[in-house]
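Novice: So I've got this file, structure_22.cif, and it contains mmCIF, C-alpha atoms:
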data_coords
#
loop_
_atom_site.group_PDB
_atom_site.id
_atom_site.type_symbol
_atom_site.label_atom_id
_atom_site.label_comp_id
_atom_site.auth_asym_id
_atom_site.auth_seq_id
_atom_site.Cartn_x
_atom_site.Cartn_y
_atom_site.Cartn_z
ATOM 1 C CA MET V 1 0.000 0.000 0.000
ATOM 2 C CA SER V 2 1.346 3.447 -0.928
ATOM 3 C CA TYR V 3 1.754 6.256 1.571
ATOM 4 C CA PHE V 4 -1.127 8.410 0.286
ATOM 5 C CA SER V 5 -3.514 5.624 -0.757
ATOM 6 C CA LYS V 6 -6.035 6.797 1.878
ATOM 7 C CA VAL V 7 -5.589 10.547 1.441
ATOM 8 C CA LYS V 8 -8.693 12.639 2.140
ATOM 9 C CA LEU V 9 -9.874 16.175 1.431
ATOM 10 C CA GLU V 10 -8.842 18.822 3.958
ATOM 11 C CA GLN V 11 -6.108 16.672 5.518
ATOM 12 C CA GLU V 12 -3.102 18.628 6.712
ATOM 13 C CA VAL V 13 0.140 17.833 4.928
ATOM 14 C CA PHE V 14 3.671 19.205 5.091
ATOM 15 C CA SER V 15 5.855 19.743 2.050
ATOM 16 C CA LEU V 16 9.618 19.799 2.533
ATOM 17 C CA VAL V 17 9.639 22.596 -0.040
ATOM 18 C CA TYR V 18 6.468 24.628 0.571
ATOM 19 C CA GLY V 19 5.667 23.938 4.252
ATOM 20 C CA HIS V 20 2.179 23.515 5.740
ATOM 21 C CA GLY V 21 -0.656 22.759 3.354
ATOM 22 C CA GLU V 22 -4.067 21.229 2.964
ATOM 23 C CA VAL V 23 -5.358 18.617 0.528
ATOM 24 C CA ILE V 24 -7.815 20.339 -1.829
ATOM 25 C CA PHE V 25 -8.445 17.600 -4.414
ATOM 26 C CA VAL V 26 -8.457 13.796 -4.311
ATOM 27 C CA LEU V 27 -9.125 11.544 -7.266
ATOM 28 C CA PRO V 28 -11.542 8.682 -6.441
ATOM 29 C CA LYS V 29 -9.730 5.337 -6.052
ATOM 30 C CA GLU V 30 -11.514 3.764 -9.031
ATOM 31 C CA GLN V 31 -10.182 6.514 -11.331
ATOM 32 C CA ARG V 32 -6.532 6.325 -10.226
ATOM 33 C CA ILE V 33 -3.775 5.047 -12.515
ATOM 34 C CA ASP V 34 -0.344 4.043 -11.183
ATOM 35 C CA GLY V 35 2.233 6.785 -11.663
ATOM 36 C CA PHE V 36 -0.292 9.562 -12.273
ATOM 37 C CA TYR V 37 -1.221 12.396 -9.935
ATOM 38 C CA VAL V 38 -3.990 11.468 -7.515
ATOM 39 C CA PHE V 39 -4.284 14.482 -5.210
ATOM 40 C CA ALA V 40 -3.439 18.165 -4.934
ATOM 41 C CA ALA V 41 -2.439 20.264 -1.947
ATOM 42 C CA LYS V 42 -2.519 24.006 -1.531
ATOM 43 C CA PHE V 43 0.355 25.806 0.175
ATOM 44 C CA SER V 44 0.209 29.486 1.096
ATOM 45 C CA LYS V 45 -2.169 31.399 -1.143
ATOM 46 C CA LYS V 46 -0.929 30.486 -4.602
ATOM 47 C CA ASN V 47 1.065 27.256 -4.626
ATOM 48 C CA ILE V 48 -1.023 24.266 -5.666
ATOM 49 C CA ILE V 49 1.019 21.121 -6.226
ATOM 50 C CA HIS V 50 -0.223 17.789 -7.593
ATOM 51 C CA TYR V 51 1.183 14.547 -6.170
ATOM 52 C CA THR V 52 1.275 10.850 -6.976
ATOM 53 C CA VAL V 53 0.099 8.302 -4.419
ATOM 54 C CA GLU V 54 3.777 8.006 -3.353
ATOM 55 C CA GLY V 55 4.012 11.745 -2.660
ATOM 56 C CA PHE V 56 6.074 12.662 -5.742
ATOM 57 C CA PRO V 57 5.385 16.280 -6.839
ATOM 58 C CA ASN V 58 4.468 17.393 -10.352
ATOM 59 C CA TRP V 59 7.635 19.514 -10.636
ATOM 60 C CA SER V 60 9.962 16.575 -9.929
ATOM 61 C CA PRO V 61 11.792 14.933 -12.857
ATOM 62 C CA SER V 62 10.485 11.429 -13.521
ATOM 63 C CA ASN V 63 13.942 9.819 -13.336
ATOM 64 C CA GLY V 64 14.855 11.419 -9.982
ATOM 65 C CA ALA V 65 11.519 11.712 -8.218
ATOM 66 C CA CYS V 66 11.455 11.617 -4.439
ATOM 67 C CA GLN V 67 8.715 12.043 -1.868
ATOM 68 C CA THR V 68 8.495 15.661 -0.715
ATOM 69 C CA VAL V 69 5.131 15.717 1.075
ATOM 70 C CA PHE V 70 4.054 13.905 4.223
ATOM 71 C CA TYR V 71 1.142 13.767 6.609
ATOM 72 C CA GLN V 72 1.656 16.470 9.227
ATOM 73 C CA LYS V 73 1.405 13.955 12.081
ATOM 74 C CA ASP V 74 4.238 11.784 10.690
ATOM 75 C CA LEU V 75 6.972 14.421 10.772
ATOM 76 C CA ASP V 76 9.449 15.101 13.553
ATOM 77 C CA MET V 77 10.824 18.580 12.905
ATOM 78 C CA ASN V 78 13.389 18.417 15.729
ATOM 79 C CA ASP V 79 16.232 17.147 13.540
ATOM 80 C CA ILE V 80 15.647 19.472 10.591
ATOM 81 C CA ASP V 81 18.077 22.352 10.014
ATOM 82 C CA ILE V 82 16.191 25.644 9.620
ATOM 83 C CA LEU V 83 18.874 28.051 10.857
ATOM 84 C CA PRO V 84 19.641 31.082 8.680
ATOM 85 C CA VAL V 85 22.823 31.211 6.643
ATOM 86 C CA SER V 86 25.869 32.552 8.497
ATOM 87 C CA LYS V 87 27.745 33.796 5.422
ATOM 88 C CA GLU V 88 26.109 35.014 2.218
ATOM 89 C CA LEU V 89 27.474 33.495 -0.994
ATOM 90 C CA SER V 90 28.229 35.436 -4.151
ATOM 91 C CA GLU V 91 26.317 34.650 -7.334
ATOM 92 C CA LYS V 92 29.533 33.173 -8.773
ATOM 93 C CA GLN V 93 29.870 30.811 -5.770
ATOM 94 C CA ILE V 94 26.211 29.830 -6.039
ATOM 95 C CA LEU V 95 26.596 28.826 -9.693
ATOM 96 C CA LYS V 96 29.850 26.966 -8.939
ATOM 97 C CA TYR V 97 28.313 24.988 -6.064
ATOM 98 C CA ALA V 98 25.207 24.225 -8.125
ATOM 99 C CA GLU V 99 27.411 22.802 -10.872
ATOM 100 C CA LYS V 100 29.231 20.621 -8.307
ATOM 101 C CA ASP V 101 25.888 19.490 -6.802
ATOM 102 C CA ILE V 102 26.737 20.892 -3.352
ATOM 103 C CA LEU V 103 24.369 23.874 -3.259
ATOM 104 C CA GLU V 104 21.471 24.086 -0.834
ATOM 105 C CA MET V 105 18.553 26.462 -0.930
ATOM 106 C CA ARG V 106 16.312 27.542 1.910
ATOM 107 C CA CYS V 107 12.828 26.632 0.727
ATOM 108 C CA PRO V 108 9.614 28.490 1.625
ATOM 109 C CA SER V 109 9.120 25.776 4.288
ATOM 110 C CA GLY V 110 12.291 27.028 6.002
ATOM 111 C CA ILE V 111 14.108 23.744 5.337
ATOM 112 C CA TRP V 112 17.471 23.630 3.572
ATOM 113 C CA ARG V 113 17.443 21.267 0.567
ATOM 114 C CA ASN V 114 19.797 20.550 -2.297
ATOM 115 C CA VAL V 115 18.718 22.710 -5.242
ATOM 116 C CA ASN V 116 18.264 19.569 -7.349
ATOM 117 C CA GLU V 117 15.499 18.514 -4.937
ATOM 118 C CA CYS V 118 13.598 21.803 -5.386
ATOM 119 C CA PRO V 119 11.566 23.264 -8.244
ATOM 120 C CA GLN V 120 13.927 25.055 -10.649
ATOM 121 C CA ASN V 121 11.688 28.125 -10.715
ATOM 122 C CA LEU V 122 12.367 28.740 -6.988
ATOM 123 C CA MET V 123 16.122 28.956 -7.595
ATOM 124 C CA LYS V 124 15.702 31.145 -10.671
ATOM 125 C CA LYS V 125 13.336 33.513 -8.846
ATOM 126 C CA ALA V 126 15.683 33.844 -5.846
ATOM 127 C CA LEU V 127 18.668 34.610 -8.094
ATOM 128 C CA LYS V 128 16.684 37.072 -10.182
ATOM 129 C CA LYS V 129 15.627 38.959 -7.037
ATOM 130 C CA ASP V 130 19.190 38.841 -5.580
ATOM 131 C CA LYS V 131 18.076 36.813 -2.570
ATOM 132 C CA LEU V 132 21.541 35.294 -2.170
ATOM 133 C CA TYR V 133 20.954 34.668 1.545
ATOM 134 C CA LEU V 134 18.697 31.774 0.504
ATOM 135 C CA PHE V 135 21.720 29.730 -0.627
ATOM 136 C CA ARG V 136 24.569 27.966 1.132
ATOM 137 C CA LYS V 137 27.202 25.354 0.453
ATOM 138 C CA GLU V 138 25.975 21.921 1.475
ATOM 139 C CA LYS V 139 27.434 20.886 4.815
ATOM 140 C CA TYR V 140 27.482 17.144 4.175
ATOM 141 C CA LYS V 141 27.390 15.086 1.017
ATOM 142 C CA GLY V 142 26.601 11.474 1.801
ATOM 143 C CA LEU V 143 29.084 10.154 4.349
ATOM 144 C CA ASP V 144 31.736 12.621 3.222
ATOM 145 C CA ARG V 145 32.090 15.726 5.417
ATOM 146 C CA ARG V 146 32.860 18.838 3.434
ATOM 147 C CA GLN V 147 34.571 21.785 5.087
#
What does this structure look like when you write it as structure tokens?

Specialist:
Amino acid sequence: MSYFSKVKLEQEVFSLVYGHGEVIFVLPKEQRIDGFYVFAAKFSKKNIIHYTVEGFPNWSPSNGACQTVFYQKDLDMNDIDILPVSKELSEKQILKYAEKDILEMRCPSGIWRNVNECPQNLMKKALKKDKLYLFRKEKYKGLDRRQ
């Protein structure tokens, strides 16, 4: 059974990217097809994201999809890093770290995530508006500690 197989309207969910949200649409079980989007959640006033039964978002690439939404009650936020950046990066550093796959972005949820695990439009919008404080070099990459 998949994580969101029993999702219901108005359930509270939490997106690692967008934060707190509410389910606003659920496709009836008899109309669902594996791999297709089965529900939608609304975050803030304008972000509506569609998800598969596994919790994969509609902005995620099909070959690298990962679950980014969870039931609110299932999350323990104690171990999640939400501290602000201590040193602002330059745009040149941001592009360099993105190319090396060691760039993190602070999402609207407040959580730091690798930019490859975020919608591309969020990164583009932050760079366009010179919000460089939303980026940092990734602290850890796998088991390797980076200084």

Novice: List, as a list in words, every residue that the PyMOL selection byres ((chain V and resi 51) around 10) selects in the file provided.

Specialist: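 With the shown file as input, the PyMOL selection byres ((chain V and resi 51) around 10) matches Phe4, Val26, Gly35, Phe36, Tyr37, Val38, Phe39, Ala40, Ala41, Ile48, Ile49, His50, Thr52, Val53, Glu54, Gly55, Phe56, Pro57, Asn58, Trp59, Ser60, Gln67, Thr68 and Val69 of chain V.
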
Novice: Just to confirm, what's the straight-line distance from CA of Lys139 in chain V to CA of Phe70 in chain V in Å (one decimal)?

Specialist: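 According to the coordinates, CA of Lys139 in chain V and CA of Phe70 in chain V are separated by 24.4 Å.
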
Novice: Enter the distance from CA of Cys118 in chain V to CA of Leu103 in chain V, in Å, rounded to one decimal.

Specialist: 11.2 Å

Novice: My list of candidates is V:Val17, V:Val115, V:Leu75, V:Ile82. Which is closest to Lys100 in chain V when distances are computed with only C-alpha atoms?

Specialist: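 When distances to Lys100 in chain V are compared using only C-alpha atoms, the smallest one comes from V:Val115.
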
Novice: Find the residue from V:Gln93, V:Gln72, V:Ser86, V:Ser2 that sits nearest to Leu16 in chain V; use all atoms listed in the file when measuring.

Specialist: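 So, comparing all the options, the nearest one is V:Gln72.
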
Novice: Applied to the shown file, which residues does the PyMOL selection byres ((chain V and resi 124) around 12) return, written as number ranges by chain?

Specialist: V: 91, 94-95, 105, 115, 118-123, 125-132, 134-135

Novice: Need the shell around Glu104 in chain V: protein/DNA/RNA residues with any atom at most 8 Å away, counting only C-alpha atoms. Skip same-chain ones fewer than 6 positions apart. Format as a PyMOL selection string?

Specialist: chain V and resi 112-115+135-138

Novice: Find the distance between CA of Ser109 in chain V and CA of Glu10 in chain V and write it in Å to one decimal.

Specialist: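 Result for CA of Ser109 in chain V versus CA of Glu10 in chain V: 19.3 Å, one decimal.
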
Novice: Considering all atoms listed in the file, can you say which of V:Leu89, V:Tyr71, V:Phe43, V:Arg32 comes closest to Lys8 in chain V?

Specialist: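 Between V:Leu89, V:Tyr71, V:Phe43, V:Arg32, the residue approaching Lys8 in chain V most closely is V:Tyr71.
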
Novice: Since I can't run it myself right now, could you work out what the PyMOL selection byres ((chain V and resi 23) around 7) selects here and report it as a ChimeraX atom specification?

Specialist: /V:9-12,21-22,24-25,40-42

Novice: For Asn78 in chain V, which residue out of V:Ile111, V:Lys92, V:Leu27, V:Ala98 is the nearest one, using all atoms listed in the file?

Specialist: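 Among V:Ile111, V:Lys92, V:Leu27, V:Ala98, it is V:Ile111 that comes nearest to Asn78 in chain V.
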